[in-house]
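Shown here: query.pdb, PDB, C-alpha atoms, pLDDT in the B column.
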```
ATOM      1  CA  MET A   4     106.295  90.720  76.813  1.00 51.00           C
ATOM      2  CA  ASP A   5     103.734  88.612  75.026  1.00 59.00           C
ATOM      3  CA  ALA A   6     103.706  84.813  74.962  1.00 56.00           C
ATOM      4  CA  ARG A   7     105.025  84.669  71.388  1.00 62.00           C
ATOM      5  CA  MET A   8     108.150  86.646  72.288  1.00 59.00           C
ATOM      6  CA  THR A   9     108.691  84.511  75.369  1.00 72.00           C
ATOM      7  CA  GLY A  10     108.477  81.389  73.211  1.00 71.00           C
ATOM      8  CA  GLU A  11     110.889  82.856  70.662  1.00 78.00           C
ATOM      9  CA  ASN A  12     113.331  83.736  73.422  1.00 80.00           C
ATOM     10  CA  GLU A  13     113.156  80.214  74.774  1.00 83.00           C
ATOM     11  CA  ASP A  14     113.780  78.819  71.280  1.00 82.00           C
ATOM     12  CA  LEU A  15     116.835  81.056  70.911  1.00 81.00           C
ATOM     13  CA  ARG A  16     118.131  80.029  74.327  1.00 81.00           C
ATOM     14  CA  GLN A  17     117.742  76.368  73.398  1.00 83.00           C
ATOM     15  CA  GLN A  18     119.596  76.896  70.120  1.00 82.00           C
ATOM     16  CA  LEU A  19     122.388  78.690  71.954  1.00 79.00           C
ATOM     17  CA  GLN A  20     122.687  75.919  74.537  1.00 83.00           C
ATOM     18  CA  THR A  21     123.159  73.301  71.820  1.00 85.00           C
ATOM     19  CA  ALA A  22     125.279  75.370  69.421  1.00 87.00           C
ATOM     20  CA  LYS A  23     128.745  74.056  68.602  1.00 93.00           C
ATOM     21  CA  ARG A  24     129.984  77.445  67.372  1.00 92.00           C
ATOM     22  CA  VAL A  25     129.126  80.774  68.973  1.00 92.00           C
ATOM     23  CA  VAL A  26     130.019  84.222  67.640  1.00 93.00           C
ATOM     24  CA  ILE A  27     130.287  86.953  70.265  1.00 94.00           C
ATOM     25  CA  LYS A  28     130.337  90.627  69.244  1.00 95.00           C
ATOM     26  CA  VAL A  29     131.759  93.019  71.809  1.00 95.00           C
ATOM     27  CA  GLY A  30     131.574  96.783  71.443  1.00 93.00           C
ATOM     28  CA  THR A  31     134.065  99.386  72.564  1.00 92.00           C
ATOM     29  CA  SER A  32     131.942 100.551  75.496  1.00 93.00           C
ATOM     30  CA  THR A  33     131.876  97.018  76.915  1.00 95.00           C
ATOM     31  CA  ILE A  34     135.644  96.641  77.130  1.00 94.00           C
ATOM     32  CA  THR A  35     136.791 100.218  77.763  1.00 92.00           C
ATOM     33  CA  TYR A  36     135.919 103.257  79.805  1.00 90.00           C
ATOM     34  CA  GLU A  37     135.243 106.557  78.062  1.00 86.00           C
ATOM     35  CA  ASN A  38     138.895 107.568  78.510  1.00 86.00           C
ATOM     36  CA  GLY A  39     140.009 104.552  76.434  1.00 86.00           C
ATOM     37  CA  ARG A  40     141.367 102.593  79.393  1.00 90.00           C
ATOM     38  CA  PHE A  41     140.456  98.928  79.706  1.00 93.00           C
ATOM     39  CA  ASN A  42     137.469  97.865  81.787  1.00 95.00           C
ATOM     40  CA  LEU A  43     139.351  94.976  83.366  1.00 96.00           C
ATOM     41  CA  THR A  44     136.303  93.637  85.195  1.00 97.00           C
ATOM     42  CA  ASN A  45     134.325  93.271  81.974  1.00 97.00           C
ATOM     43  CA  LEU A  46     137.310  91.842  80.101  1.00 96.00           C
ATOM     44  CA  ASP A  47     137.905  89.232  82.787  1.00 97.00           C
ATOM     45  CA  HIS A  48     134.221  88.240  82.861  1.00 97.00           C
ATOM     46  CA  LEU A  49     134.198  87.980  79.064  1.00 97.00           C
ATOM     47  CA  CYS A  50     137.345  85.837  78.920  1.00 97.00           C
ATOM     48  CA  ARG A  51     136.140  83.651  81.772  1.00 97.00           C
ATOM     49  CA  SER A  52     132.826  83.082  79.965  1.00 96.00           C
ATOM     50  CA  ILE A  53     134.640  82.272  76.723  1.00 97.00           C
ATOM     51  CA  ALA A  54     136.903  79.790  78.518  1.00 97.00           C
ATOM     52  CA  ASN A  55     133.881  78.184  80.148  1.00 96.00           C
ATOM     53  CA  GLN A  56     132.196  77.766  76.767  1.00 94.00           C
ATOM     54  CA  LYS A  57     135.402  76.316  75.299  1.00 96.00           C
ATOM     55  CA  ASN A  58     135.575  73.896  78.237  1.00 96.00           C
ATOM     56  CA  GLN A  59     132.146  72.656  77.143  1.00 94.00           C
ATOM     57  CA  GLY A  60     133.481  71.943  73.655  1.00 94.00           C
ATOM     58  CA  ARG A  61     132.147  74.991  71.850  1.00 95.00           C
ATOM     59  CA  GLU A  62     134.081  76.919  69.228  1.00 95.00           C
ATOM     60  CA  ILE A  63     134.044  80.602  70.120  1.00 95.00           C
ATOM     61  CA  ILE A  64     134.632  83.426  67.678  1.00 94.00           C
ATOM     62  CA  LEU A  65     135.063  86.827  69.289  1.00 95.00           C
ATOM     63  CA  VAL A  66     134.442  89.880  67.130  1.00 93.00           C
ATOM     64  CA  THR A  67     135.659  92.898  69.029  1.00 92.00           C
ATOM     65  CA  SER A  68     135.587  96.605  68.481  1.00 90.00           C
ATOM     66  CA  GLY A  69     137.707  98.979  70.453  1.00 91.00           C
ATOM     67  CA  ALA A  70     141.010  99.368  68.629  1.00 93.00           C
ATOM     68  CA  ILE A  71     140.634 103.110  68.107  1.00 93.00           C
ATOM     69  CA  GLY A  72     139.297 103.680  71.615  1.00 92.00           C
ATOM     70  CA  VAL A  73     142.102 101.695  73.218  1.00 94.00           C
ATOM     71  CA  GLY A  74     144.642 103.485  71.031  1.00 95.00           C
ATOM     72  CA  VAL A  75     143.273 106.830  72.178  1.00 93.00           C
ATOM     73  CA  GLY A  76     143.732 105.731  75.774  1.00 91.00           C
ATOM     74  CA  ARG A  77     147.196 104.273  75.252  1.00 93.00           C
ATOM     75  CA  LEU A  78     148.394 107.381  73.406  1.00 94.00           C
ATOM     76  CA  ARG A  79     146.655 109.579  75.993  1.00 92.00           C
ATOM     77  CA  LEU A  80     144.962 111.614  73.286  1.00 93.00           C
ATOM     78  CA  PRO A  81     142.533 114.241  74.560  1.00 92.00           C
ATOM     79  CA  GLN A  82     139.790 113.021  72.196  1.00 90.00           C
ATOM     80  CA  LYS A  83     139.036 110.516  69.469  1.00 91.00           C
ATOM     81  CA  PRO A  84     140.777 111.472  66.206  1.00 94.00           C
ATOM     82  CA  GLN A  85     138.668 112.829  63.372  1.00 95.00           C
ATOM     83  CA  ARG A  86     140.970 112.372  60.384  1.00 96.00           C
ATOM     84  CA  MET A  87     141.318 108.904  58.838  1.00 95.00           C
ATOM     85  CA  ARG A  88     145.113 108.747  59.170  1.00 95.00           C
ATOM     86  CA  GLU A  89     144.896 109.608  62.855  1.00 95.00           C
ATOM     87  CA  LYS A  90     142.175 107.000  63.381  1.00 95.00           C
ATOM     88  CA  GLN A  91     144.349 104.424  61.629  1.00 95.00           C
ATOM     89  CA  ALA A  92     147.327 105.301  63.821  1.00 95.00           C
ATOM     90  CA  ALA A  93     145.247 105.026  66.984  1.00 95.00           C
ATOM     91  CA  ALA A  94     143.752 101.739  65.754  1.00 94.00           C
ATOM     92  CA  ALA A  95     147.205 100.310  65.014  1.00 95.00           C
ATOM     93  CA  VAL A  96     148.341 101.003  68.572  1.00 96.00           C
ATOM     94  CA  GLY A  97     145.021  99.937  70.046  1.00 95.00           C
ATOM     95  CA  GLN A  98     144.858  96.639  68.164  1.00 95.00           C
ATOM     96  CA  CYS A  99     148.218  95.589  69.600  1.00 95.00           C
ATOM     97  CA  GLU A 100     147.029  96.519  73.082  1.00 95.00           C
ATOM     98  CA  LEU A 101     143.746  94.646  72.611  1.00 95.00           C
ATOM     99  CA  MET A 102     145.418  91.450  71.473  1.00 96.00           C
ATOM    100  CA  SER A 103     147.947  91.672  74.293  1.00 96.00           C
ATOM    101  CA  MET A 104     145.256  92.140  76.925  1.00 96.00           C
ATOM    102  CA  TYR A 105     143.039  89.350  75.562  1.00 97.00           C
ATOM    103  CA  SER A 106     146.092  87.078  75.443  1.00 97.00           C
ATOM    104  CA  LYS A 107     147.097  87.852  79.037  1.00 97.00           C
ATOM    105  CA  ILE A 108     143.629  87.298  80.448  1.00 97.00           C
ATOM    106  CA  ILE A 109     142.660  84.189  78.460  1.00 97.00           C
ATOM    107  CA  ALA A 110     146.034  82.593  79.307  1.00 97.00           C
ATOM    108  CA  ASP A 111     144.833  82.408  82.920  1.00 96.00           C
ATOM    109  CA  TYR A 112     142.289  79.885  81.635  1.00 96.00           C
ATOM    110  CA  HIS A 113     144.878  77.948  79.561  1.00 96.00           C
ATOM    111  CA  TYR A 114     143.754  79.128  76.134  1.00 96.00           C
ATOM    112  CA  VAL A 115     145.431  81.201  73.438  1.00 95.00           C
ATOM    113  CA  VAL A 116     144.070  83.903  71.166  1.00 95.00           C
ATOM    114  CA  ALA A 117     144.640  84.549  67.490  1.00 93.00           C
ATOM    115  CA  GLN A 118     143.717  87.348  65.156  1.00 91.00           C
ATOM    116  CA  ILE A 119     142.251  87.036  61.694  1.00 87.00           C
ATOM    117  CA  LEU A 120     142.338  90.013  59.388  1.00 77.00           C
ATOM    118  CA  LEU A 121     139.678  89.941  56.702  1.00 78.00           C
ATOM    119  CA  THR A 122     139.451  91.804  53.436  1.00 80.00           C
ATOM    120  CA  LYS A 123     136.476  92.296  51.138  1.00 83.00           C
ATOM    121  CA  ASP A 124     137.825  89.461  48.977  1.00 84.00           C
ATOM    122  CA  ASP A 125     137.689  87.102  51.968  1.00 82.00           C
ATOM    123  CA  ILE A 126     134.014  87.911  52.430  1.00 83.00           C
ATOM    124  CA  ASP A 127     133.166  87.672  48.748  1.00 86.00           C
ATOM    125  CA  ASP A 128     135.012  84.390  48.125  1.00 82.00           C
ATOM    126  CA  PRO A 129     132.908  81.422  49.317  1.00 79.00           C
ATOM    127  CA  VAL A 130     136.053  79.262  49.698  1.00 76.00           C
ATOM    128  CA  THR A 131     137.709  81.499  52.311  1.00 62.00           C
TER     129      THR A 131
END
```
Just give me the structure of the file as structure tokens.
Amino acid sequence: MDARMTGENEDLRQQLQTAKRVVIKVGTSTITYENGRFNLTNLDHLCRSIANQKNQGREIILVTSGAIGVGVGRLRLPQKPQRMREKQAAAAVGQCELMSMYSKIIADYHYVVAQILLTKDDIDDPVT
């Protein structure tokens, strides 16, 4: 790693340390195993880290993938669905499971979770 990259990394770390709002993106493979079951160790570490950041006064926004994968695990499907309707069904089940699990774990740290569903209009409209 050259000195410029090291300096850039330090700048980013400094910005992160002073940020009031942090957005965290978590992928499916971080929170689940390949069979769609929850990786409870990773979920607990994630929620603990979020609670710690909140305790420091930061606003945390968690963007999480995994609804289809968790749905596959919950429904005990042999593989990830290929057709859109099947993906939507798995995602519907998985999203409920995800929110329930996040809620259970973060409650240990005295916080609550909420879900925001966005549409294209929400993104396009500067007011929302």
key: atom CA of A:Asp47 to atom CA of A:Tyr112, straight-line distance in Å   = 10.4 Å
key: Selected residue, from A:Val75, A:Ile109, A:Ala93, A:Leu120, that lies nearest to A:Phe41 when counting all atoms listed in the file   =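 Checking each of A:Val75, A:Ile109, A:Ala93, A:Leu120 against A:Phe41, counting all atoms listed in the file, the winner is A:Val75.
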request  = For each of A:Ala92, A:Leu15, A:Ile71, A:Val130, take the minimum atom-to-atom distance to A:Ser32, counting only C-alpha atoms, then give the residue where this is smallest.
outcome  = A:Ile71
inquiry  = Quick check on the file I pasted: which residues fall under the PyMOL selection byres ((chain A and resi 29) around 12)? Write them as a list in words.
reply    = Val26, Ile27, Lys28, Gly30, Thr31, Ser32, Thr33, Ile34, Thr35, Asn45, Leu46, Leu49, Cys50, Ile64, Leu65, Val66, Thr67, Ser68, Gly69 and Ala70 of chain A
request  = Measure the distance from atom CA of A:Tyr105 to atom CA of A:Glu37 in Å and round it to one decimal.
outcome  =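 These two atoms are separated by 19.1 Å.
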Quick one: what's the axis-aligned box for stretch 110-120 of chain A, all listed atoms, 5 Å on every side, centre and edges in Å to one decimal, as JSON?
```
{"center_x": 144.1, "center_y": 84.0, "center_z": 71.2, "size_x": 13.8, "size_y": 22.1, "size_z": 33.5}
```
ask   = Separation of atom CA of A:Tyr114 and atom CA of A:Met102, in Å?
value =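 According to the coordinates, atom CA of A:Tyr114 and atom CA of A:Met102 are separated by 13.3 Å.
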query = Of the residues A:Arg40, A:Lys123, A:Lys57, A:Lys83, which is the one nearest to A:Leu101, using all atoms listed in the file?
reply =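 Among the listed residues, the smallest separation from A:Leu101 belongs to A:Arg40.
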task = Just say which residues the PyMOL selection byres ((chain A and resi 23) around 6) picks in this file, as a ChimeraX atom specification.
result = /A:22,24,61
